[in-house]
Amino acid sequence: MIDLNIKKSLRTENSTMDLNIQFQVEKGQLITLFGESGSGKTSTLRMLSGLLEPDEGYIKVSDQTWFDAKKRINLSPGKRKIGYVFQDYALFPNMSVRENLSFALADKSDRQIIEDIIQTMDLEELQERKPDALSGGQKQRVALARALVTKPQLLLLDEPLSALDNKMRYKLQSYILKIHQKYSLTTVLVSHDIGEILKLSDKVLELKNGTVVQEGSPKELFGLGSTSAKFQFTGEIVEIHYENVVGILSLIIGNDIVKVVCDISDINLLAIGDKVLVGSKAFNPIIKKL
Amino acid sequence: MNWIPIILTLKLALVTTVVLFAISLPIAYWLAYGKSKIKPVFETLVSMPLVLPPTVIGFYLLIAFSPKNVFGNWVQEMFGFQLVFSFTGLVVASCVYSLPFMVHPIQSGLASLPASIKEAAIILGKGKITVMRKILLPNIKPSILTALVLTFAHTMGEFGVVLMIGGNIPGKTKVASIAVYDEVESLNYFAANQYSLVLFVLSFITLFVVYLFNGGYLKNYIK
């Protein structure tokens, strides 16, 4: 479906970064670009959408060439048939929810799709409101809905849930899964939330300094396949406390702070701020560094 | 009181505002979004009327408009009239003189919009004109109002440029500000005061409109 091989020299305020990315995505997959901020995730997404032009390489999607530096092909963003959801939602403030959707419609005769999407995204009650009168989660739903109006083959999501609280995130994740399946989309998600990635994606690419350093299924990448835990959560260490022969870790899991006992020998490998996996086989919790 | 100079002033201000709005939209768009290396040169040129003495602008326009020169000659050949000492000439001169007052508010309005709004519309396959008309302009209404009103008010208050290239032809180029000067010259203070007072009130009203709308004082009354 997507065959991408691009290079781009990016100048930021105090440094330059050479982006050099190759990957393939199969039709119907939901892949995640994962990595620290500044690793080139958003830039990759922007080049895929045509908002940013790569210096070298090619982008091919379903046998159609979107970009080829050698052949001087650079399809304009509007011709690529993509849905793009921006981090700041990018709703048009002068239009109501429904107008935002109809504006996206290229073929005005196809009104039915708007009704369909409004229903899928549960926007019936919000459709006459202006974006200013919506909450963050509602805006995000509208942004997702608007991206679907053009019936894209490819959906690009740029950290769509980063500005939402956990409860809203959880809800929106379900919407993303729902539309990904309902409209048989191929989706590229930018995210740095491991829980979100585990829930949503088929494949993860980890980016670091502009290159793909790891690639695989979320479970392989975050090491979940190798334990036989009965239940497991990911969390972040906020405090390490020593109690005689054992250590006690305080972790943030979701919204909660959880205390977990940990062996002294294991604790030496951990530091505050590390992401860890907490699992349990009935009685003994397992702590594993991610 | 002779109202003709006042009417002429309003007519000049109105025509200039309309013409300049059309000219300034693409300029402001380019200055807000363009990435060209020569942009600073054009930004400077657009702002020049802010600092140049109006007589300097008037002087160069006078030279340019003269039928003896290329531009003036071309206008005369092409359209059959001359720009010097004519109302059309005043409009052209006012457009130059008031350019920054129209371009700057629109430019900063466009620049203050999040880039993603424009990008979202581009990804939806919309052309530049549609994006401008349906997305950008409706979201910078306060800036547009400021631009229109400031241009109108500034053109009303124009003096030096008009004097240089318009002269003092009653009904054609004798606008209110010139009329004030003219009456004072002939020691007719009463008439000068009349014109001045009208200009004072008109300017107050135009600027008041901007502050009223953009200051949000009318929020409770208009949706």
# chains A, B, ... in the order shown; residues from 1 in each chain; ligands from 1
call {"tool": "residues_around", "arguments": {"residues": "Lys151 (chain A)", "least_positions_apart": "2", "cutoff": "8 Å", "atoms": "only C-alpha atoms", "output": "list in words"}}
result
Lys81, Gly83, Leu148, Val149, Gln153 and Tyr183 of chain A
call {"tool": "residues_around", "arguments": {"residues": "Pro170 (chain B)", "least_positions_apart": "4", "cutoff": "12 Å", "atoms": "only C-alpha atoms", "output": "list in words"}}
result
Asn2, Trp3, Ile4, Pro5, Ile6, Ile7, Leu8, Thr9, Phe85, Ser86, Phe87, Gly166, Lys174, Val175, Ala176, Ile178, Ala179 and Asp182 of chain B
call {"tool": "write_last_selection", "arguments": {"atoms": "N, CA and C atoms", "output": "mmCIF file, in the first residue's frame"}}
result
data_model
loop_
_atom_site.group_PDB
_atom_site.id
_atom_site.type_symbol
_atom_site.label_atom_id
_atom_site.label_comp_id
_atom_site.auth_asym_id
_atom_site.auth_seq_id
_atom_site.Cartn_x
_atom_site.Cartn_y
_atom_site.Cartn_z
ATOM 1 N N ASN B 2 -19.778 75.187 1.376
ATOM 2 C CA ASN B 2 -19.631 74.404 0.143
ATOM 3 C C ASN B 2 -19.307 72.955 0.479
ATOM 4 N N TRP B 3 -20.239 72.078 0.192
ATOM 5 C CA TRP B 3 -20.062 70.675 0.584
ATOM 6 C C TRP B 3 -19.239 69.859 -0.414
ATOM 7 N N ILE B 4 -18.998 70.452 -1.587
ATOM 8 C CA ILE B 4 -18.325 69.660 -2.632
ATOM 9 C C ILE B 4 -16.980 69.077 -2.181
ATOM 10 N N PRO B 5 -16.109 69.859 -1.522
ATOM 11 C CA PRO B 5 -14.842 69.252 -1.076
ATOM 12 C C PRO B 5 -15.046 68.071 -0.130
ATOM 13 N N ILE B 6 -16.056 68.187 0.743
ATOM 14 C CA ILE B 6 -16.331 67.086 1.686
ATOM 15 C C ILE B 6 -16.755 65.830 0.919
ATOM 16 N N ILE B 7 -17.695 66.028 -0.018
ATOM 17 C CA ILE B 7 -18.180 64.886 -0.807
ATOM 18 C C ILE B 7 -17.040 64.272 -1.600
ATOM 19 N N LEU B 8 -16.199 65.150 -2.149
ATOM 20 C CA LEU B 8 -15.054 64.659 -2.915
ATOM 21 C C LEU B 8 -14.111 63.845 -2.022
ATOM 22 N N THR B 9 -13.912 64.329 -0.803
ATOM 23 C CA THR B 9 -13.067 63.605 0.145
ATOM 24 C C THR B 9 -13.624 62.211 0.405
ATOM 25 N N PHE B 85 -3.245 66.083 -11.790
ATOM 26 C CA PHE B 85 -4.369 67.005 -11.631
ATOM 27 C C PHE B 85 -5.708 66.389 -12.043
ATOM 28 N N SER B 86 -5.891 65.102 -11.776
ATOM 29 C CA SER B 86 -7.186 64.494 -12.055
ATOM 30 C C SER B 86 -7.595 63.628 -10.864
ATOM 31 N N PHE B 87 -8.887 63.307 -10.779
ATOM 32 C CA PHE B 87 -9.385 62.493 -9.673
ATOM 33 C C PHE B 87 -8.765 61.090 -9.706
ATOM 34 N N GLY B 166 -2.506 66.684 -7.156
ATOM 35 C CA GLY B 166 -3.898 66.999 -7.485
ATOM 36 C C GLY B 166 -4.113 68.480 -7.722
ATOM 37 N N LYS B 174 -10.030 69.227 -5.380
ATOM 38 C CA LYS B 174 -9.991 70.015 -4.147
ATOM 39 C C LYS B 174 -10.745 69.277 -3.046
ATOM 40 N N VAL B 175 -10.020 68.445 -2.297
ATOM 41 C CA VAL B 175 -10.632 67.688 -1.204
ATOM 42 C C VAL B 175 -10.666 68.565 0.038
ATOM 43 N N ALA B 176 -11.320 68.089 1.084
ATOM 44 C CA ALA B 176 -11.562 68.915 2.268
ATOM 45 C C ALA B 176 -10.273 69.428 2.913
ATOM 46 N N ILE B 178 -7.458 70.061 1.565
ATOM 47 C CA ILE B 178 -6.910 71.143 0.739
ATOM 48 C C ILE B 178 -7.747 72.403 0.930
ATOM 49 N N ALA B 179 -9.069 72.195 1.022
ATOM 50 C CA ALA B 179 -9.956 73.331 1.192
ATOM 51 C C ALA B 179 -9.638 74.086 2.485
ATOM 52 N N ASP B 182 -6.622 76.110 1.861
ATOM 53 C CA ASP B 182 -6.968 77.179 0.933
ATOM 54 C C ASP B 182 -7.668 78.345 1.645
#
call {"tool": "interface_residues", "arguments": {"of": "chain A", "to": "chain B", "cutoff": "7 Å", "atoms": "only C-alpha atoms", "output": "MDAnalysis selection string"}}
result
chainID A and resid 77:79 86 90:94 104
call {"tool": "write_last_selection", "arguments": {"atoms": "C-alpha atoms", "output": "CSV table (one decimal), in the first residue's frame"}}
result
chain,number,residue,atom,x,y,z
A,77,PRO,CA,-1.9,17.4,-1.0
A,78,GLY,CA,-5.4,17.8,-2.3
A,79,LYS,CA,-4.9,15.1,-5.0
A,86,PHE,CA,-3.9,17.8,13.2
A,90,ALA,CA,-7.6,22.7,12.8
A,91,LEU,CA,-11.4,23.1,12.7
A,92,PHE,CA,-12.6,26.1,10.7
A,93,PRO,CA,-13.8,28.5,13.5
A,94,ASN,CA,-16.2,30.4,11.2
A,104,ALA,CA,-14.7,19.0,3.1
call {"tool": "residues_around", "arguments": {"residues": "Trp66 (chain A)", "least_positions_apart": "6", "cutoff": "12 Å", "atoms": "only C-alpha atoms", "output": "list in words"}}
result
Ile2, Asp3, Leu4, Asn5, Ile6, Met47, Leu48, Ser49, Gly50, Glu53, Pro54, Gly57, Tyr58, Ile59, Lys60, Arg72, Ile73, Asn74, Leu75, Ser76, Pro77, Gly78, Lys79, Arg80, Lys81 and Ile82 of chain A
call {"tool": "write_last_selection", "arguments": {"atoms": "C-alpha atoms", "output": "CSV table (one decimal), in the first residue's frame"}}
result
chain,number,residue,atom,x,y,z
A,2,ILE,CA,2.6,2.6,1.1
A,3,ASP,CA,6.2,2.3,0.0
A,4,LEU,CA,8.2,5.2,1.3
A,5,ASN,CA,11.8,6.1,1.1
A,6,ILE,CA,12.7,9.7,1.8
A,47,MET,CA,5.9,14.6,3.8
A,48,LEU,CA,3.5,11.8,3.4
A,49,SER,CA,0.6,14.2,3.1
A,50,GLY,CA,2.5,16.6,0.7
A,53,GLU,CA,8.5,18.3,0.3
A,54,PRO,CA,11.3,15.7,0.8
A,57,GLY,CA,13.5,9.6,-2.5
A,58,TYR,CA,10.0,8.5,-3.4
A,59,ILE,CA,6.6,7.9,-1.9
A,60,LYS,CA,4.4,5.4,-3.6
A,72,ARG,CA,10.2,15.4,-10.4
A,73,ILE,CA,6.8,14.1,-9.4
A,74,ASN,CA,5.1,15.9,-6.4
A,75,LEU,CA,1.4,15.3,-6.2
A,76,SER,CA,-0.4,18.2,-4.4
A,77,PRO,CA,-1.9,17.4,-1.0
A,78,GLY,CA,-5.4,17.8,-2.3
A,79,LYS,CA,-4.9,15.1,-5.0
A,80,ARG,CA,-3.5,12.5,-2.6
A,81,LYS,CA,-6.9,11.5,-1.1
A,82,ILE,CA,-5.9,11.5,2.5
call {"tool": "closest_residue", "arguments": {"among": "A:Asp68, A:Glu159, A:Asp202, A:Asp263", "to": "Lys219 (chain A)", "atoms": "only C-alpha atoms"}}
result
A:Asp202
call {"tool": "select_by_dssp", "arguments": {"residues": "region 147-208 of chain B", "states": "helix (DSSP H, G or I)", "output": "PyMOL selection string"}}
result
chain B and resi 147-156+160-166+176-185+189-208
call {"tool": "write_last_selection", "arguments": {"atoms": "C-alpha atoms", "output": "mmCIF file, in the first residue's frame"}}
result
data_model
loop_
_atom_site.group_PDB
_atom_site.id
_atom_site.type_symbol
_atom_site.label_atom_id
_atom_site.label_comp_id
_atom_site.auth_asym_id
_atom_site.auth_seq_id
_atom_site.Cartn_x
_atom_site.Cartn_y
_atom_site.Cartn_z
ATOM 1 C CA ALA B 147 -7.756 47.681 7.481
ATOM 2 C CA LEU B 148 -10.796 49.120 5.701
ATOM 3 C CA VAL B 149 -11.514 51.796 8.272
ATOM 4 C CA LEU B 150 -7.900 52.867 8.740
ATOM 5 C CA THR B 151 -7.445 53.155 4.985
ATOM 6 C CA PHE B 152 -10.627 55.169 4.700
ATOM 7 C CA ALA B 153 -9.676 57.472 7.570
ATOM 8 C CA HIS B 154 -6.096 57.844 6.435
ATOM 9 C CA THR B 155 -7.143 58.738 2.905
ATOM 10 C CA MET B 156 -9.533 61.336 4.307
ATOM 11 C CA GLY B 160 0.694 66.508 1.041
ATOM 12 C CA VAL B 161 0.347 63.959 -1.720
ATOM 13 C CA VAL B 162 -2.941 65.430 -2.924
ATOM 14 C CA LEU B 163 -1.484 68.901 -2.967
ATOM 15 C CA MET B 164 1.508 67.760 -5.013
ATOM 16 C CA ILE B 165 -0.282 65.843 -7.716
ATOM 17 C CA GLY B 166 -3.898 66.999 -7.485
ATOM 18 C CA ALA B 176 -11.562 68.915 2.268
ATOM 19 C CA SER B 177 -8.012 68.976 3.654
ATOM 20 C CA ILE B 178 -6.910 71.143 0.739
ATOM 21 C CA ALA B 179 -9.956 73.331 1.192
ATOM 22 C CA VAL B 180 -8.953 73.993 4.814
ATOM 23 C CA TYR B 181 -5.498 75.049 3.703
ATOM 24 C CA ASP B 182 -6.968 77.179 0.933
ATOM 25 C CA GLU B 183 -9.366 79.002 3.251
ATOM 26 C CA VAL B 184 -6.646 79.672 5.816
ATOM 27 C CA GLU B 185 -4.414 81.057 3.075
ATOM 28 C CA TYR B 189 -11.009 81.210 9.217
ATOM 29 C CA PHE B 190 -14.727 80.636 9.537
ATOM 30 C CA ALA B 191 -14.903 78.417 6.423
ATOM 31 C CA ALA B 192 -11.630 76.695 7.427
ATOM 32 C CA ASN B 193 -13.193 75.901 10.777
ATOM 33 C CA GLN B 194 -16.287 74.427 9.125
ATOM 34 C CA TYR B 195 -14.258 72.044 6.970
ATOM 35 C CA SER B 196 -11.978 71.162 9.856
ATOM 36 C CA LEU B 197 -14.864 70.402 12.143
ATOM 37 C CA VAL B 198 -16.527 68.118 9.597
ATOM 38 C CA LEU B 199 -13.240 66.250 9.066
ATOM 39 C CA PHE B 200 -12.753 65.996 12.814
ATOM 40 C CA VAL B 201 -16.199 64.488 13.348
ATOM 41 C CA LEU B 202 -15.916 62.129 10.369
ATOM 42 C CA SER B 203 -12.529 60.857 11.519
ATOM 43 C CA PHE B 204 -13.824 60.357 15.032
ATOM 44 C CA ILE B 205 -16.803 58.349 13.812
ATOM 45 C CA THR B 206 -14.758 56.097 11.533
ATOM 46 C CA LEU B 207 -12.212 55.246 14.209
ATOM 47 C CA PHE B 208 -14.940 54.883 16.825
#
call {"tool": "residues_around", "arguments": {"residues": "Ala143 (chain A)", "least_positions_apart": "2", "cutoff": "7 Å", "atoms": "only C-alpha atoms", "output": "list in words"}}
result
Val85, Tyr89, Leu91, Lys139, Gln140, Arg141, Ala145, Arg146 and Ala147 of chain A
call {"tool": "closest_atom_pairs", "arguments": {"of": "region 14-47 of chain B", "to": "region 98-111 of chain B", "cutoff": "9 Å", "atoms": "only C-alpha atoms", "output": "tab-separated table"}}
result
residue	atom	partner	partner_atom	distance
B:Thr16	CA	B:Ser98	CA	8.5
B:Thr17	CA	B:Met102	CA	8.2
B:Leu20	CA	B:Leu99	CA	7.0
B:Phe21	CA	B:Met102	CA	6.8
B:Ile23	CA	B:Leu99	CA	9.0
B:Ser24	CA	B:Val103	CA	5.4
B:Leu25	CA	B:Val103	CA	7.4
B:Ile27	CA	B:Val103	CA	7.1
B:Ala28	CA	B:Gln107	CA	4.6
B:Tyr29	CA	B:Gln107	CA	6.5
B:Trp30	CA	B:Gln107	CA	8.5
B:Leu31	CA	B:Gln107	CA	6.6
B:Ala32	CA	B:Gln107	CA	5.4
B:Tyr33	CA	B:Ala111	CA	7.4
B:Val46	CA	B:Pro100	CA	5.6
B:Ser47	CA	B:Pro100	CA	5.4
call {"tool": "closest_residue", "arguments": {"among": "A:Pro160, A:Pro152, A:Gly136, A:Pro218", "to": "Leu205 (chain A)", "atoms": "only C-alpha atoms"}}
result
A:Pro218
call {"tool": "closest_residue", "arguments": {"among": "B:Thr130, B:Trp74, B:Phe42, B:Lys172", "to": "Gly89 (chain B)", "atoms": "only C-alpha atoms"}}
result
B:Lys172
call {"tool": "atom_distance", "arguments": {"atom1": "CA of Leu83 (chain B)", "atom2": "CA of Phe71 (chain B)"}}
result
9.8 Å
call {"tool": "closest_residue", "arguments": {"among": "A:Ser37, A:Gln127, A:Ser250, A:Asn166", "to": "Asn100 (chain A)", "atoms": "only C-alpha atoms"}}
result
A:Gln127
